[in-house]
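See below for upload00.cif, which holds mmCIF, C-alpha atoms.
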data_data
loop_
_atom_site.label_atom_id
_atom_site.label_comp_id
_atom_site.auth_asym_id
_atom_site.auth_seq_id
_atom_site.Cartn_x
_atom_site.Cartn_y
_atom_site.Cartn_z
CA MET N 1 63.71 154.68 162.19
CA PRO N 2 61.90 151.45 161.54
CA PHE N 3 60.27 150.76 158.20
CA TYR N 4 56.68 149.76 157.81
CA GLU N 5 54.28 148.94 155.02
CA SER N 6 50.71 149.87 155.62
CA ILE N 7 47.70 149.00 153.54
CA PHE N 8 44.18 150.13 154.13
CA ILE N 9 40.92 149.39 152.37
CA ALA N 10 38.32 152.09 152.01
CA ARG N 11 34.74 151.14 151.39
CA GLN N 12 33.38 151.14 147.88
CA ASP N 13 30.91 154.03 148.26
CA VAL N 14 33.66 156.51 148.88
CA THR N 15 34.76 158.52 145.83
CA PRO N 16 38.38 158.40 144.64
CA ALA N 17 38.79 162.02 145.66
CA GLN N 18 37.77 161.16 149.18
CA VAL N 19 40.19 158.26 149.17
CA GLU N 20 42.97 160.67 148.29
CA ALA N 21 41.85 162.96 151.05
CA LEU N 22 42.03 160.06 153.48
CA THR N 23 45.49 159.18 152.21
CA THR N 24 46.77 162.72 152.72
CA GLN N 25 45.17 162.81 156.12
CA PHE N 26 47.15 159.77 157.23
CA THR N 27 50.39 160.86 155.62
CA ASP N 28 50.13 164.30 157.24
CA LEU N 29 49.52 162.67 160.55
CA LEU N 30 52.67 160.65 160.15
CA LYS N 31 54.71 163.66 159.09
CA ALA N 32 53.43 165.66 162.01
CA ASN N 33 54.74 162.99 164.33
CA GLY N 34 58.15 162.86 162.77
CA GLY N 35 57.90 160.27 160.07
CA LYS N 36 58.06 160.17 156.33
CA VAL N 37 56.07 158.41 153.71
CA THR N 38 58.30 157.28 150.88
CA LYS N 39 55.78 155.72 148.57
CA THR N 40 52.04 155.84 148.17
CA GLU N 41 50.23 153.54 145.84
CA SER N 42 46.60 153.39 145.11
CA TRP N 43 45.46 150.10 143.67
CA GLY N 44 42.05 151.45 142.91
CA LEU N 45 38.71 149.82 143.37
CA ARG N 46 39.24 146.08 143.53
CA ARG N 47 36.91 143.22 144.04
CA LEU N 48 37.34 141.72 147.47
CA ALA N 49 37.77 137.99 147.84
CA TYR N 50 34.90 137.90 150.35
CA ARG N 51 32.41 140.41 151.67
CA VAL N 52 33.82 142.70 154.31
CA ASN N 53 31.14 144.60 156.22
CA LYS N 54 28.76 143.91 153.37
CA ASN N 55 31.03 145.49 150.75
CA ARG N 56 32.11 143.55 147.73
CA LYS N 57 34.67 146.04 146.48
CA GLY N 58 37.08 148.39 148.13
CA HIS N 59 39.67 151.01 147.40
CA TYR N 60 43.13 149.79 148.30
CA VAL N 61 45.90 152.18 149.25
CA MET N 62 49.40 151.20 150.25
CA PHE N 63 52.14 153.28 151.85
CA ASN N 64 55.76 152.75 152.66
CA ILE N 65 56.51 154.43 155.93
CA ASP N 66 59.66 155.39 157.73
CA ALA N 67 58.47 156.63 161.08
CA PRO N 68 58.84 156.07 164.79
CA ALA N 69 56.48 153.63 166.41
CA PRO N 70 54.27 156.15 168.25
CA ALA N 71 53.49 157.88 164.95
CA VAL N 72 52.42 154.64 163.40
CA GLN N 73 50.32 153.77 166.42
CA GLU N 74 48.61 157.13 166.17
CA MET N 75 47.89 156.57 162.50
CA GLU N 76 46.47 153.13 163.22
CA ARG N 77 44.31 154.55 165.97
CA ASN N 78 42.87 157.02 163.51
CA MET N 79 42.27 154.34 160.95
CA LYS N 80 40.37 152.36 163.52
CA ILE N 81 38.12 155.28 164.37
CA ASN N 82 37.48 156.32 160.79
CA GLU N 83 34.28 154.82 159.42
CA ASP N 84 35.41 154.74 155.84
CA VAL N 85 38.35 152.47 156.46
CA LEU N 86 37.27 148.85 156.41
CA ARG N 87 40.52 147.09 157.14
CA PHE N 88 44.10 148.07 157.63
CA LEU N 89 47.30 146.19 158.10
CA THR N 90 50.68 147.57 159.08
CA VAL N 91 53.64 145.32 158.76
CA LYS N 92 57.14 146.00 159.93
CA VAL N 93 59.69 145.35 157.19
CA ASP N 94 63.45 145.20 157.13
CA GLU N 95 63.74 147.42 154.12
CA LEU N 96 61.34 149.36 151.98
CA GLU N 97 60.62 148.09 148.53
CA GLU N 98 61.66 150.42 145.76
CA GLY N 99 59.61 150.68 142.63
CA PRO N 100 56.07 149.54 142.06
CA SER N 101 54.69 146.75 144.17
CA PRO N 102 53.70 143.43 142.58
CA MET N 103 50.12 144.58 142.30
CA LEU N 104 50.93 147.58 140.15
CA ARG N 105 53.57 145.75 138.20
CA LYS N 106 51.01 143.18 137.23
CA GLN N 107 48.53 145.82 136.15
CA LYS N 108 51.16 147.55 134.11
CA GLU N 109 52.20 144.31 132.42
CA ARG N 110 48.65 143.49 131.54
CA PHE N 111 48.14 146.96 130.15
CA GLU N 112 51.23 146.71 128.03
CA GLY N 113 50.27 143.25 126.89
CA GLU N 114 46.94 144.52 125.70
CA GLY N 115 48.67 147.39 123.97
CA GLU N 116 50.82 145.00 122.02
CA ALA N 117 47.95 142.79 121.05
CA ALA N 118 45.99 145.73 119.71
CA MET S 1 39.23 92.50 158.69
CA MET S 2 42.10 94.59 157.55
CA ASN S 3 42.11 93.00 154.13
CA ASP S 4 38.72 94.38 153.29
CA ARG S 5 39.95 97.91 153.29
CA PRO S 6 39.94 99.36 149.79
CA ALA S 7 43.22 100.32 148.27
CA ARG S 8 42.52 104.00 148.54
CA ALA S 9 45.69 105.32 150.10
CA PRO S 10 45.69 108.39 152.33
CA ARG S 11 48.07 110.07 149.94
CA GLU S 12 46.53 111.42 146.80
CA ASP S 13 47.80 109.64 143.72
CA GLY S 14 46.39 111.89 141.10
CA ALA S 15 47.02 111.87 137.43
CA GLU S 16 49.75 114.45 137.75
CA GLY S 17 52.95 113.42 139.38
CA GLY S 18 54.57 116.24 141.25
CA PHE S 19 53.72 119.82 141.29
CA ALA S 20 54.33 121.73 138.14
CA GLY S 21 52.84 125.02 139.19
CA LYS S 22 49.35 123.96 138.19
CA ARG S 23 46.44 124.26 140.51
CA SER S 24 44.26 121.25 140.56
CA GLY S 25 41.99 119.38 142.85
CA SER S 26 44.09 116.25 143.18
CA PHE S 27 47.85 116.21 143.38
CA GLY S 28 50.26 113.43 142.71
CA GLY S 29 52.10 113.48 145.96
CA GLY S 30 53.63 110.13 146.03
CA PHE S 31 56.70 109.13 144.16
CA ARG S 32 58.10 112.12 142.38
CA ARG S 33 61.66 112.92 143.34
CA ARG S 34 61.82 115.97 145.56
CA LYS S 35 62.44 119.07 143.52
CA SER S 36 64.35 121.90 145.07
CA CYS S 37 62.57 124.67 146.87
CA PRO S 38 61.32 127.24 144.40
CA PHE S 39 62.13 130.09 146.75
CA THR S 40 65.76 129.40 147.47
CA GLY S 41 68.63 129.83 145.12
CA THR S 42 69.42 132.55 142.67
CA ASN S 43 66.61 134.40 140.97
CA ALA S 44 64.13 133.11 143.47
CA PRO S 45 60.97 135.16 143.75
CA LYS S 46 60.54 136.97 147.00
CA ILE S 47 57.59 135.92 149.08
CA ASP S 48 55.34 138.93 149.34
CA TYR S 49 51.82 139.00 150.69
CA LYS S 50 50.91 141.50 147.98
CA ASP S 51 51.87 139.20 145.15
CA VAL S 52 48.63 137.32 144.82
CA LYS S 53 49.59 135.60 141.60
CA LEU S 54 52.61 133.96 143.18
CA LEU S 55 50.76 133.02 146.32
CA SER S 56 47.80 131.54 144.52
CA ARG S 57 50.09 128.91 143.00
CA TYR S 58 50.62 127.48 146.47
CA VAL S 59 46.99 127.24 147.36
CA THR S 60 44.45 124.63 146.24
CA GLU S 61 41.26 125.35 144.38
CA ARG S 62 39.40 125.48 147.64
CA GLY S 63 41.86 128.06 148.92
CA LYS S 64 43.76 125.76 151.27
CA ILE S 65 47.50 126.07 151.64
CA ILE S 66 49.40 123.25 149.93
CA PRO S 67 51.63 121.27 152.28
CA SER S 68 55.33 121.46 151.69
CA ARG S 69 55.67 117.73 151.22
CA ILE S 70 53.77 118.20 147.98
CA SER S 71 55.03 121.55 146.85
CA ALA S 72 58.67 120.90 147.84
CA VAL S 73 59.06 124.24 149.55
CA SER S 74 61.65 124.29 152.28
CA THR S 75 60.47 124.52 155.87
CA LYS S 76 61.54 128.07 156.51
CA LYS S 77 60.05 129.30 153.27
CA GLN S 78 56.86 127.38 153.87
CA ARG S 79 56.40 129.26 157.11
CA GLU S 80 56.97 132.57 155.36
CA LEU S 81 54.64 131.55 152.59
CA ALA S 82 51.94 130.58 155.05
CA GLN S 83 52.29 133.88 156.84
CA ALA S 84 52.06 135.77 153.55
CA ILE S 85 48.97 133.83 152.51
CA LYS S 86 47.30 134.52 155.82
CA ARG S 87 48.05 138.22 155.51
CA ALA S 88 46.67 138.26 151.98
CA ARG S 89 43.55 136.52 153.24
CA PHE S 90 43.07 139.13 155.93
CA LEU S 91 43.34 141.87 153.32
CA ALA S 92 40.72 140.14 151.17
CA LEU S 93 43.23 139.63 148.38
CA MET S 94 42.69 135.89 148.65
CA PRO S 95 39.72 133.98 149.98
CA TYR S 96 39.75 131.93 153.14
CA ALA S 97 37.55 129.33 151.51
CA ALA S 98 36.92 129.41 147.81
CA GLN S 99 34.03 127.73 146.14
CA VAL S 100 34.99 125.09 143.65
CA GLY S 101 33.51 125.65 140.24
CA GLY S 102 33.92 129.39 140.04
CA ALA S 103 32.58 132.06 142.32
CA ASN S 104 28.89 132.62 141.94
CA GLU S 105 27.90 135.77 143.69
CA ARG S 106 24.72 134.61 145.20
CA ASP S 107 24.51 137.11 147.97
#

Show how you would write the structure in this file as structure tokens.
Amino acid sequence: MPFYESIFIARQDVTPAQVEALTTQFTDLLKANGGKVTKTESWGLRRLAYRVNKNRKGHYVMFNIDAPAPAVQEMERNMKINEDVLRFLTVKVDELEEGPSPMLRKQKERFEGEGEAA
Amino acid sequence: MMNDRPARAPREDGAEGGFAGKRSGSFGGGFRRRKSCPFTGTNAPKIDYKDVKLLSRYVTERGKIIPSRISAVSTKKQRELAQAIKRARFLALMPYAAQVGGANERD
């Protein structure tokens, strides 16, 4: 089955618990249609580079997906309808990236750097 | 009246020659020998739209994509890089147009 990476941005007013609920909603939808989600990453509340629908920050969530195309289309359709999702992007990839994505790796490095300095 | 034209060349001869991974307003584009593409060869970083730190090295202060004749990126990689930057812009990880002199959140 083809591999995809999907990122969505939830608006800043939503609580982290609700963001997780949204994440499970989308992953369950994919599983129900015959796909699997190999990795889920939440990058947390980040400042956006520009205002999107009058929000300055958003919760970013990324998944790695291995699912047939109709499942992904269904997930995207639901993301479009959902009011809490500001933006989403699904990209087809040749292979799924193992391990943390550059975003989390950077955060981890910075955390460790601060730990050493202290 | 061609002689009256000032000697300001269309290329930007800045104080820095070549691109050393620094972001700056003016680039020395002119006479530096072409370095090899930073994305080809062994241990080359992979171009990923999520890696904002890597991508922001190939973008000017205003947020514009640096042409490959200045950054010495090969053609194929420049296309991938541009696509990655555009995806990052769509996801609000990078700005489309940055304000020079820091971002003042006026609105």

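Between CA of Lys46 (chain S) and CA of Phe88 (chain N) the separation is 22.5 Å.
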
Listed atoms of region 96-107 of chain N boxed along x, y and z, 6 Å each side, centre and edge lengths in Å, one decimal, as AutoDock Vina command-line options:
--center_x 55.1 --center_y 146.9 --center_z 144.1 --size_x 25.1 --size_y 19.5 --size_z 27.8

Using the chain letters and numbers from the file, which residues does the PyMOL selection byres ((chain S) within 6 of (chain N)) grab, as a PDB file with C-alpha atoms, in the frame of the given file?
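Output below, filename expr-v9.pdb:
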ATOM      1  CA  ASP S  51      51.870 139.200 145.150  1.00  0.00           C
ATOM      2  CA  ALA S  92      40.720 140.140 151.170  1.00  0.00           C
ATOM      3  CA  LEU S  93      43.230 139.630 148.380  1.00  0.00           C
ATOM      4  CA  MET S  94      42.690 135.890 148.650  1.00  0.00           C
ATOM      5  CA  PRO S  95      39.720 133.980 149.980  1.00  0.00           C
TER       6      PRO S  95
END

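Candidate residues N:Glu112, N:Asp13, N:Glu20, N:Asp28 were compared for distance to Ala71 (chain N), and the nearest is N:Asp28, using all atoms listed in the file.
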
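Relative to CA of Arg87 (chain S), CA of Ala69 (chain N) is found at 20.7 Å.
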
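Nearest residue to Ser42 (chain N) among N:Asn78, N:Thr90, N:Gln73, N:Asn64 is N:Asn64, counting all atoms listed in the file.
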
Review point. What residues come out when you apply the PyMOL selection byres ((chain S and resi 76-81) around 9) to this file, written as JSON, numbers by chain?
Key: {"S": [37, 39, 40, 47, 48, 49, 55, 58, 67, 68, 73, 74, 75, 82, 83, 84, 85, 86]}

Check your understanding: What do you get, as number ranges by chain, if you spell out every residue that the PyMOL selection byres ((chain N and resi 82) around 12) selects here?
Key -> N: 8-11, 22, 25-26, 75-81, 83-88

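With all atoms listed in the file as the basis for measurement, S:Lys50 is the residue among S:Ser36, S:Pro45, S:Lys50, S:Ala72 that approaches Leu91 (chain S) most closely.
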
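One distance worth recording is that between CA of Val93 (chain N) and CA of Leu30 (chain N), which is 17.1 Å.
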